file upload-v4.txt (compact mmCIF, N, CA and C atoms)
# COMPACT_ATOMS: atom_id res chain seq x y z
N MET A 600 18.27 -46.14 -20.63
CA MET A 600 16.95 -46.34 -20.15
C MET A 600 16.83 -45.94 -18.68
N THR A 601 17.86 -46.09 -17.91
CA THR A 601 17.80 -45.69 -16.51
C THR A 601 17.73 -44.18 -16.37
N LEU A 602 18.33 -43.45 -17.30
CA LEU A 602 18.23 -41.99 -17.24
C LEU A 602 16.80 -41.53 -17.48
N ALA A 603 16.06 -42.20 -18.32
CA ALA A 603 14.67 -41.84 -18.58
C ALA A 603 13.82 -42.06 -17.34
N ARG A 604 14.09 -43.10 -16.60
CA ARG A 604 13.32 -43.36 -15.39
C ARG A 604 13.64 -42.35 -14.29
N LEU A 605 14.86 -41.93 -14.18
CA LEU A 605 15.22 -40.94 -13.16
C LEU A 605 14.61 -39.58 -13.46
N GLY A 606 14.40 -39.26 -14.70
CA GLY A 606 13.83 -37.97 -15.07
C GLY A 606 12.31 -37.98 -15.13
N SER A 607 11.66 -39.08 -14.81
CA SER A 607 10.20 -39.19 -14.88
C SER A 607 9.55 -38.38 -13.76
N ARG A 608 8.48 -37.69 -14.10
CA ARG A 608 7.76 -36.87 -13.11
C ARG A 608 6.29 -37.24 -13.10
N ARG A 609 5.99 -38.48 -13.29
CA ARG A 609 4.61 -38.89 -13.44
C ARG A 609 3.76 -38.66 -12.19
N GLY A 610 4.29 -38.72 -11.02
CA GLY A 610 3.51 -38.56 -9.79
C GLY A 610 3.61 -37.19 -9.17
N SER A 611 4.36 -36.28 -9.75
CA SER A 611 4.58 -34.98 -9.12
C SER A 611 3.30 -34.13 -9.09
N GLU A 612 2.46 -34.26 -10.11
CA GLU A 612 1.22 -33.47 -10.11
C GLU A 612 0.31 -33.89 -8.96
N LEU A 613 0.24 -35.18 -8.70
CA LEU A 613 -0.59 -35.68 -7.62
C LEU A 613 -0.09 -35.19 -6.26
N VAL A 614 1.20 -35.16 -6.07
CA VAL A 614 1.78 -34.68 -4.81
C VAL A 614 1.51 -33.18 -4.65
N GLU A 615 1.69 -32.41 -5.71
CA GLU A 615 1.42 -30.97 -5.65
C GLU A 615 -0.04 -30.70 -5.36
N PHE A 616 -0.92 -31.46 -5.99
CA PHE A 616 -2.36 -31.30 -5.75
C PHE A 616 -2.70 -31.62 -4.30
N ALA A 617 -2.10 -32.68 -3.76
CA ALA A 617 -2.36 -33.07 -2.37
C ALA A 617 -1.87 -32.00 -1.39
N LEU A 618 -0.82 -31.28 -1.74
CA LEU A 618 -0.32 -30.23 -0.87
C LEU A 618 -1.16 -28.96 -0.94
N ILE A 619 -1.71 -28.66 -2.10
CA ILE A 619 -2.46 -27.42 -2.31
C ILE A 619 -3.94 -27.57 -1.97
N MET A 620 -4.50 -28.77 -2.07
CA MET A 620 -5.93 -28.97 -1.88
C MET A 620 -6.47 -28.46 -0.54
N PRO A 621 -5.83 -28.71 0.61
CA PRO A 621 -6.37 -28.16 1.87
C PRO A 621 -6.45 -26.63 1.87
N LEU A 622 -5.46 -25.97 1.30
CA LEU A 622 -5.49 -24.52 1.23
C LEU A 622 -6.64 -24.04 0.34
N LEU A 623 -6.83 -24.68 -0.78
CA LEU A 623 -7.92 -24.31 -1.68
C LEU A 623 -9.28 -24.52 -1.03
N LEU A 624 -9.44 -25.64 -0.33
CA LEU A 624 -10.71 -25.88 0.36
C LEU A 624 -10.95 -24.86 1.46
N PHE A 625 -9.91 -24.50 2.19
CA PHE A 625 -10.05 -23.49 3.23
C PHE A 625 -10.48 -22.16 2.63
N ILE A 626 -9.90 -21.77 1.52
CA ILE A 626 -10.27 -20.51 0.88
C ILE A 626 -11.71 -20.56 0.39
N VAL A 627 -12.11 -21.65 -0.24
CA VAL A 627 -13.48 -21.76 -0.76
C VAL A 627 -14.50 -21.74 0.37
N PHE A 628 -14.28 -22.55 1.40
CA PHE A 628 -15.22 -22.58 2.51
C PHE A 628 -15.20 -21.27 3.30
N GLY A 629 -14.06 -20.61 3.36
CA GLY A 629 -13.99 -19.30 4.00
C GLY A 629 -14.82 -18.26 3.25
N ILE A 630 -14.75 -18.30 1.93
CA ILE A 630 -15.56 -17.38 1.12
C ILE A 630 -17.04 -17.65 1.36
N VAL A 631 -17.42 -18.91 1.40
CA VAL A 631 -18.83 -19.27 1.63
C VAL A 631 -19.26 -18.82 3.02
N ASP A 632 -18.43 -19.06 4.03
CA ASP A 632 -18.77 -18.69 5.40
C ASP A 632 -18.91 -17.17 5.55
N PHE A 633 -17.97 -16.41 5.02
CA PHE A 633 -18.08 -14.95 5.10
C PHE A 633 -19.25 -14.44 4.28
N GLY A 634 -19.54 -15.08 3.16
CA GLY A 634 -20.71 -14.70 2.36
C GLY A 634 -22.00 -14.89 3.13
N LEU A 635 -22.12 -16.00 3.85
CA LEU A 635 -23.31 -16.22 4.67
C LEU A 635 -23.40 -15.23 5.82
N ALA A 636 -22.26 -14.85 6.39
CA ALA A 636 -22.26 -13.84 7.45
C ALA A 636 -22.74 -12.49 6.92
N ILE A 637 -22.31 -12.13 5.73
CA ILE A 637 -22.76 -10.87 5.12
C ILE A 637 -24.25 -10.95 4.80
N TYR A 638 -24.70 -12.10 4.32
CA TYR A 638 -26.13 -12.28 4.04
C TYR A 638 -26.94 -12.12 5.32
N ASP A 639 -26.51 -12.76 6.42
CA ASP A 639 -27.23 -12.64 7.68
C ASP A 639 -27.20 -11.21 8.21
N LYS A 640 -26.12 -10.47 7.96
CA LYS A 640 -26.08 -9.06 8.36
C LYS A 640 -27.15 -8.27 7.61
N ALA A 641 -27.33 -8.56 6.32
CA ALA A 641 -28.38 -7.89 5.55
C ALA A 641 -29.77 -8.25 6.07
N ILE A 642 -29.96 -9.49 6.48
CA ILE A 642 -31.25 -9.90 7.03
C ILE A 642 -31.53 -9.19 8.35
N VAL A 643 -30.52 -9.07 9.20
CA VAL A 643 -30.69 -8.37 10.48
C VAL A 643 -31.03 -6.90 10.23
N THR A 644 -30.37 -6.29 9.25
CA THR A 644 -30.66 -4.89 8.91
C THR A 644 -32.08 -4.75 8.40
N ASN A 645 -32.50 -5.65 7.52
CA ASN A 645 -33.87 -5.60 7.01
C ASN A 645 -34.90 -5.85 8.10
N ALA A 646 -34.60 -6.73 9.04
CA ALA A 646 -35.52 -6.99 10.14
C ALA A 646 -35.73 -5.75 10.99
N ALA A 647 -34.64 -5.02 11.27
CA ALA A 647 -34.77 -3.78 12.04
C ALA A 647 -35.61 -2.76 11.29
N ARG A 648 -35.38 -2.65 10.00
CA ARG A 648 -36.14 -1.68 9.19
C ARG A 648 -37.61 -2.08 9.08
N GLU A 649 -37.89 -3.35 8.85
CA GLU A 649 -39.29 -3.81 8.74
C GLU A 649 -40.04 -3.62 10.06
N ALA A 650 -39.38 -3.91 11.17
CA ALA A 650 -40.03 -3.75 12.47
C ALA A 650 -40.29 -2.28 12.77
N ALA A 651 -39.31 -1.43 12.45
CA ALA A 651 -39.52 0.01 12.68
C ALA A 651 -40.64 0.54 11.80
N ARG A 652 -40.69 0.10 10.56
CA ARG A 652 -41.74 0.55 9.64
C ARG A 652 -43.11 0.11 10.14
N ALA A 653 -43.20 -1.12 10.65
CA ALA A 653 -44.47 -1.59 11.19
C ALA A 653 -44.89 -0.79 12.41
N GLY A 654 -43.92 -0.32 13.18
CA GLY A 654 -44.23 0.41 14.40
C GLY A 654 -44.58 1.87 14.20
N ILE A 655 -44.17 2.48 13.10
CA ILE A 655 -44.43 3.92 12.92
C ILE A 655 -45.67 4.21 12.09
N VAL A 656 -46.25 3.21 11.46
CA VAL A 656 -47.41 3.43 10.60
C VAL A 656 -48.56 4.02 11.41
N PHE A 657 -49.18 5.05 10.83
CA PHE A 657 -50.28 5.72 11.51
C PHE A 657 -51.49 4.79 11.55
N ALA A 658 -51.97 4.53 12.75
CA ALA A 658 -53.15 3.68 12.95
C ALA A 658 -53.81 4.12 14.25
N PRO A 659 -55.10 3.82 14.40
CA PRO A 659 -55.77 4.19 15.66
C PRO A 659 -55.09 3.57 16.88
N ALA A 660 -54.63 2.34 16.75
CA ALA A 660 -53.89 1.69 17.84
C ALA A 660 -52.52 1.30 17.30
N ARG A 661 -51.49 1.99 17.76
CA ARG A 661 -50.13 1.67 17.30
C ARG A 661 -49.67 0.35 17.90
N LEU A 662 -48.70 -0.26 17.25
CA LEU A 662 -48.14 -1.51 17.77
C LEU A 662 -47.40 -1.27 19.07
N THR A 663 -47.46 -2.25 19.95
CA THR A 663 -46.71 -2.17 21.20
C THR A 663 -45.27 -2.61 20.95
N ALA A 664 -44.42 -2.42 21.94
CA ALA A 664 -43.02 -2.83 21.81
C ALA A 664 -42.91 -4.34 21.59
N GLY A 665 -43.74 -5.10 22.27
CA GLY A 665 -43.73 -6.56 22.09
C GLY A 665 -44.13 -6.98 20.69
N GLU A 666 -45.10 -6.30 20.12
CA GLU A 666 -45.53 -6.63 18.76
C GLU A 666 -44.46 -6.25 17.74
N ILE A 667 -43.77 -5.15 17.98
CA ILE A 667 -42.67 -4.75 17.09
C ILE A 667 -41.53 -5.75 17.18
N GLN A 668 -41.22 -6.23 18.38
CA GLN A 668 -40.20 -7.26 18.55
C GLN A 668 -40.58 -8.53 17.79
N THR A 669 -41.86 -8.89 17.84
CA THR A 669 -42.33 -10.08 17.14
C THR A 669 -42.15 -9.95 15.64
N VAL A 670 -42.38 -8.76 15.08
CA VAL A 670 -42.19 -8.53 13.65
C VAL A 670 -40.73 -8.81 13.27
N ALA A 671 -39.80 -8.27 14.05
CA ALA A 671 -38.38 -8.47 13.76
C ALA A 671 -37.98 -9.93 13.92
N GLN A 672 -38.44 -10.57 14.97
CA GLN A 672 -38.07 -11.96 15.21
C GLN A 672 -38.65 -12.90 14.16
N GLN A 673 -39.87 -12.64 13.70
CA GLN A 673 -40.45 -13.47 12.65
C GLN A 673 -39.71 -13.28 11.33
N TYR A 674 -39.30 -12.05 11.04
CA TYR A 674 -38.54 -11.80 9.81
C TYR A 674 -37.22 -12.56 9.85
N CYS A 675 -36.55 -12.52 10.99
CA CYS A 675 -35.28 -13.24 11.13
C CYS A 675 -35.49 -14.75 11.08
N ALA A 676 -36.53 -15.24 11.74
CA ALA A 676 -36.78 -16.68 11.76
C ALA A 676 -37.05 -17.21 10.36
N THR A 677 -37.65 -16.40 9.52
CA THR A 677 -37.97 -16.82 8.16
C THR A 677 -36.75 -16.76 7.24
N ASN A 678 -35.84 -15.80 7.43
CA ASN A 678 -34.81 -15.52 6.44
C ASN A 678 -33.37 -15.81 6.85
N LEU A 679 -33.07 -15.91 8.14
CA LEU A 679 -31.68 -16.13 8.55
C LEU A 679 -31.19 -17.53 8.18
N VAL A 680 -29.92 -17.63 7.82
CA VAL A 680 -29.27 -18.91 7.60
C VAL A 680 -28.59 -19.29 8.91
N THR A 681 -29.11 -20.34 9.58
CA THR A 681 -28.62 -20.67 10.91
C THR A 681 -28.01 -22.06 11.02
N PHE A 682 -28.05 -22.88 9.98
CA PHE A 682 -27.51 -24.24 10.00
C PHE A 682 -28.10 -25.08 11.12
N GLY A 683 -29.39 -24.96 11.34
CA GLY A 683 -30.05 -25.82 12.32
C GLY A 683 -29.95 -25.39 13.76
N THR A 684 -29.30 -24.28 14.04
CA THR A 684 -29.23 -23.77 15.41
C THR A 684 -29.91 -22.41 15.46
N PRO A 685 -31.23 -22.40 15.38
CA PRO A 685 -31.94 -21.11 15.32
C PRO A 685 -31.97 -20.41 16.66
N ALA A 686 -31.02 -19.55 16.88
CA ALA A 686 -31.01 -18.71 18.08
C ALA A 686 -31.74 -17.42 17.72
N PRO A 687 -32.80 -17.11 18.43
CA PRO A 687 -33.54 -15.89 18.08
C PRO A 687 -32.70 -14.64 18.35
N PRO A 688 -32.86 -13.65 17.51
CA PRO A 688 -32.11 -12.41 17.73
C PRO A 688 -32.68 -11.64 18.92
N ALA A 689 -31.84 -10.81 19.50
CA ALA A 689 -32.29 -9.92 20.57
C ALA A 689 -32.81 -8.65 19.91
N VAL A 690 -33.99 -8.21 20.33
CA VAL A 690 -34.61 -7.03 19.74
C VAL A 690 -34.94 -6.05 20.86
N ALA A 691 -34.44 -4.82 20.73
CA ALA A 691 -34.73 -3.77 21.70
C ALA A 691 -35.51 -2.67 20.99
N VAL A 692 -36.62 -2.25 21.60
CA VAL A 692 -37.48 -1.23 21.00
C VAL A 692 -37.64 -0.10 22.01
N THR A 693 -37.38 1.13 21.57
CA THR A 693 -37.61 2.31 22.41
C THR A 693 -38.47 3.30 21.64
N GLY A 694 -39.43 3.87 22.32
CA GLY A 694 -40.29 4.89 21.72
C GLY A 694 -41.55 4.34 21.09
N ALA A 695 -41.91 3.10 21.40
CA ALA A 695 -43.10 2.50 20.80
C ALA A 695 -44.36 3.20 21.31
N GLY A 696 -45.32 3.39 20.41
CA GLY A 696 -46.60 3.99 20.79
C GLY A 696 -46.54 5.48 21.04
N GLY A 697 -45.47 6.14 20.60
CA GLY A 697 -45.33 7.57 20.83
C GLY A 697 -46.24 8.41 19.94
N ALA A 698 -46.20 9.71 20.16
CA ALA A 698 -47.01 10.64 19.38
C ALA A 698 -46.39 10.84 18.00
N SER A 699 -47.17 11.39 17.08
CA SER A 699 -46.67 11.66 15.73
C SER A 699 -45.45 12.56 15.80
N GLY A 700 -44.43 12.22 15.05
CA GLY A 700 -43.19 13.00 15.03
C GLY A 700 -42.13 12.50 16.00
N SER A 701 -42.50 11.67 16.95
CA SER A 701 -41.50 11.15 17.89
C SER A 701 -40.75 9.99 17.24
N GLU A 702 -39.56 9.70 17.78
CA GLU A 702 -38.71 8.67 17.20
C GLU A 702 -39.01 7.29 17.75
N LEU A 703 -38.90 6.33 16.87
CA LEU A 703 -38.97 4.92 17.25
C LEU A 703 -37.63 4.31 16.87
N ARG A 704 -36.98 3.66 17.81
CA ARG A 704 -35.68 3.04 17.57
C ARG A 704 -35.81 1.53 17.79
N VAL A 705 -35.37 0.78 16.77
CA VAL A 705 -35.37 -0.68 16.85
C VAL A 705 -33.93 -1.15 16.65
N VAL A 706 -33.42 -1.93 17.61
CA VAL A 706 -32.07 -2.48 17.53
C VAL A 706 -32.19 -4.01 17.53
N VAL A 707 -31.66 -4.63 16.48
CA VAL A 707 -31.69 -6.08 16.36
C VAL A 707 -30.24 -6.59 16.44
N SER A 708 -29.99 -7.53 17.34
CA SER A 708 -28.65 -8.11 17.52
C SER A 708 -28.74 -9.62 17.35
N TYR A 709 -27.76 -10.17 16.64
CA TYR A 709 -27.74 -11.61 16.37
C TYR A 709 -26.28 -12.06 16.32
N THR A 710 -26.00 -13.24 16.84
CA THR A 710 -24.65 -13.80 16.79
C THR A 710 -24.61 -14.87 15.71
N TYR A 711 -23.81 -14.61 14.68
CA TYR A 711 -23.62 -15.57 13.59
C TYR A 711 -22.56 -16.57 14.02
N ASN A 712 -22.93 -17.84 14.02
CA ASN A 712 -21.99 -18.90 14.38
C ASN A 712 -21.31 -19.41 13.11
N TRP A 713 -19.99 -19.40 13.12
CA TRP A 713 -19.22 -19.83 11.96
C TRP A 713 -19.52 -21.28 11.65
N GLY A 714 -19.60 -21.61 10.37
CA GLY A 714 -19.88 -22.98 9.97
C GLY A 714 -18.63 -23.82 9.80
N VAL A 715 -17.62 -23.30 9.11
CA VAL A 715 -16.44 -24.08 8.78
C VAL A 715 -15.18 -23.51 9.40
N ILE A 716 -15.08 -22.22 9.44
CA ILE A 716 -13.82 -21.56 9.80
C ILE A 716 -13.29 -21.91 11.19
N PRO A 717 -14.10 -22.06 12.23
CA PRO A 717 -13.51 -22.34 13.55
C PRO A 717 -12.72 -23.64 13.60
N GLY A 718 -12.99 -24.57 12.70
CA GLY A 718 -12.22 -25.80 12.68
C GLY A 718 -10.78 -25.56 12.26
N PHE A 719 -10.52 -24.45 11.57
CA PHE A 719 -9.18 -24.15 11.08
C PHE A 719 -8.52 -23.00 11.83
N MET A 720 -9.31 -22.00 12.19
CA MET A 720 -8.76 -20.80 12.83
C MET A 720 -9.61 -20.45 14.04
N PRO A 721 -9.00 -20.06 15.14
CA PRO A 721 -9.79 -19.65 16.31
C PRO A 721 -10.31 -18.22 16.15
N LEU A 722 -11.53 -18.07 15.65
CA LEU A 722 -12.13 -16.74 15.47
C LEU A 722 -13.15 -16.42 16.55
N GLY A 723 -13.18 -17.17 17.60
CA GLY A 723 -14.15 -16.92 18.65
C GLY A 723 -15.42 -17.72 18.40
N SER A 724 -16.38 -17.51 19.27
CA SER A 724 -17.61 -18.30 19.19
C SER A 724 -18.52 -17.85 18.06
N GLY A 725 -18.41 -16.64 17.61
CA GLY A 725 -19.28 -16.15 16.55
C GLY A 725 -19.02 -14.69 16.24
N LEU A 726 -19.79 -14.20 15.31
CA LEU A 726 -19.67 -12.81 14.87
C LEU A 726 -20.94 -12.08 15.28
N ASN A 727 -20.81 -11.01 16.07
CA ASN A 727 -21.97 -10.25 16.52
C ASN A 727 -22.43 -9.30 15.41
N LEU A 728 -23.67 -9.48 15.00
CA LEU A 728 -24.28 -8.64 13.96
C LEU A 728 -25.34 -7.78 14.61
N THR A 729 -25.25 -6.47 14.44
CA THR A 729 -26.21 -5.55 15.04
C THR A 729 -26.65 -4.53 14.01
N ALA A 730 -27.94 -4.22 14.03
CA ALA A 730 -28.49 -3.21 13.13
C ALA A 730 -29.46 -2.33 13.91
N THR A 731 -29.44 -1.05 13.63
CA THR A 731 -30.32 -0.09 14.28
C THR A 731 -31.11 0.66 13.22
N SER A 732 -32.39 0.80 13.47
CA SER A 732 -33.25 1.57 12.56
C SER A 732 -34.01 2.59 13.39
N VAL A 733 -33.92 3.86 12.99
CA VAL A 733 -34.60 4.94 13.68
C VAL A 733 -35.53 5.61 12.67
N MET A 734 -36.81 5.68 13.02
CA MET A 734 -37.80 6.33 12.15
C MET A 734 -38.71 7.19 13.01
N ARG A 735 -39.32 8.18 12.37
CA ARG A 735 -40.27 9.05 13.06
C ARG A 735 -41.69 8.53 12.87
N MET A 736 -42.50 8.65 13.93
CA MET A 736 -43.88 8.20 13.88
C MET A 736 -44.66 9.04 12.87
N GLU A 737 -45.54 8.38 12.14
CA GLU A 737 -46.40 9.09 11.18
C GLU A 737 -47.54 9.77 11.90
call {"tool": "encode", "arguments": {"input": "upload-v4.txt", "output": "structure tokens"}}
result
Amino acid sequence: MTLARLGSRRGSELVEFALIMPLLLFIVFGIVDFGLAIYDKAIVTNAAREAARAGIVFAPARLTAGEIQTVAQQYCATNLVTFGTPAPPAVAVTGAGGASGSELRVVVSYTYNWGVIPGFMPLGSGLNLTATSVMRME
């Protein structure tokens, strides 16, 4: 009977689970964090494109650089995942109000702040996301 007790492994699964669980959680939360960063990169890219499109449309009075910046910032404010720290993106506009055929360039920059990963790994304060959209005036 003592040999049966020495060969018992009843608690080994719990110990193995306790050793592996932090690694599994880190991988899962890392996937979620990087997924949100990729999502925010797509939003920044779309904001640059939407703002440039609004600025090149043929109209009697074209949008000013400030109005184009507002289009990009409103798009980001509506769609970015910020976890309660809504830092507005930086928007640079060149060529606003130009003649037909001239270029309009919109650059949107945003710093994505990591949600979970910095607690485990020092990746810096955030990830800089930048998108540029260049279109010709109609």
call {"tool": "residues_around", "arguments": {"input": "upload-v4.txt", "residues": "Ala695 (chain A)", "least_positions_apart": "6", "cutoff": "6 Å", "atoms": "only C-alpha atoms", "output": "ChimeraX atom specification"}}
result
/A:663-664,703
call {"tool": "atom_distance", "arguments": {"input": "upload-v4.txt", "atom1": "atom N of Pro688 (chain A)", "atom2": "atom N of Ile630 (chain A)"}}
result
24.3 Å
call {"tool": "closest_residue", "arguments": {"input": "upload-v4.txt", "among": "A:Arg735, A:Ile637, A:Ala653, A:Ala617", "to": "Gly694 (chain A)", "atoms": "only C-alpha atoms"}}
result
A:Arg735
call {"tool": "residues_around", "arguments": {"input": "upload-v4.txt", "residues": "Val692 (chain A)", "least_positions_apart": "3", "cutoff": "12 Å", "atoms": "only C-alpha atoms", "output": "NGL selection string"}}
result
:A and (647-648 or 650-651 or 654-655 or 662-671 or 689 or 695-697 or 702-708 or 731-734)
call {"tool": "atom_distance", "arguments": {"input": "upload-v4.txt", "atom1": "CA of Leu624 (chain A)", "atom2": "CA of Glu612 (chain A)"}}
result
17.6 Å
call {"tool": "select_by_dssp", "arguments": {"input": "upload-v4.txt", "residues": "chain A", "states": "alpha helix (DSSP H)", "output": "VMD selection string"}}
result
chain A and resid 601 to 605 611 to 655 664 to 678
call {"tool": "atom_distance", "arguments": {"input": "upload-v4.txt", "atom1": "CA of Thr729 (chain A)", "atom2": "atom N of Ala636 (chain A)"}}
result
13.3 Å
call {"tool": "residues_around", "arguments": {"input": "upload-v4.txt", "residues": "Trp713 (chain A)", "least_positions_apart": "5", "cutoff": "6 Å", "atoms": "all atoms listed in the file", "output": "list in words"}}
result
Ser724, Gly725 and Leu726 of chain A
call {"tool": "write_last_selection", "arguments": {"input": "upload-v4.txt", "atoms": "N, CA and C atoms", "output": "PDB file, in the frame of the given file"}}
result
ATOM      1  N   SER A 724     -16.380 -17.510  19.270  1.00  0.00           N
ATOM      2  CA  SER A 724     -17.610 -18.300  19.190  1.00  0.00           C
ATOM      3  C   SER A 724     -18.520 -17.850  18.060  1.00  0.00           C
ATOM      4  N   GLY A 725     -18.410 -16.640  17.610  1.00  0.00           N
ATOM      5  CA  GLY A 725     -19.280 -16.150  16.550  1.00  0.00           C
ATOM      6  C   GLY A 725     -19.020 -14.690  16.240  1.00  0.00           C
ATOM      7  N   LEU A 726     -19.790 -14.200  15.310  1.00  0.00           N
ATOM      8  CA  LEU A 726     -19.670 -12.810  14.870  1.00  0.00           C
ATOM      9  C   LEU A 726     -20.940 -12.080  15.280  1.00  0.00           C
TER      10      LEU A 726
END
call {"tool": "closest_residue", "arguments": {"input": "upload-v4.txt", "among": "A:Glu615, A:Asp639, A:Leu623, A:Ala658", "to": "Val680 (chain A)", "atoms": "all atoms listed in the file"}}
result
A:Asp639
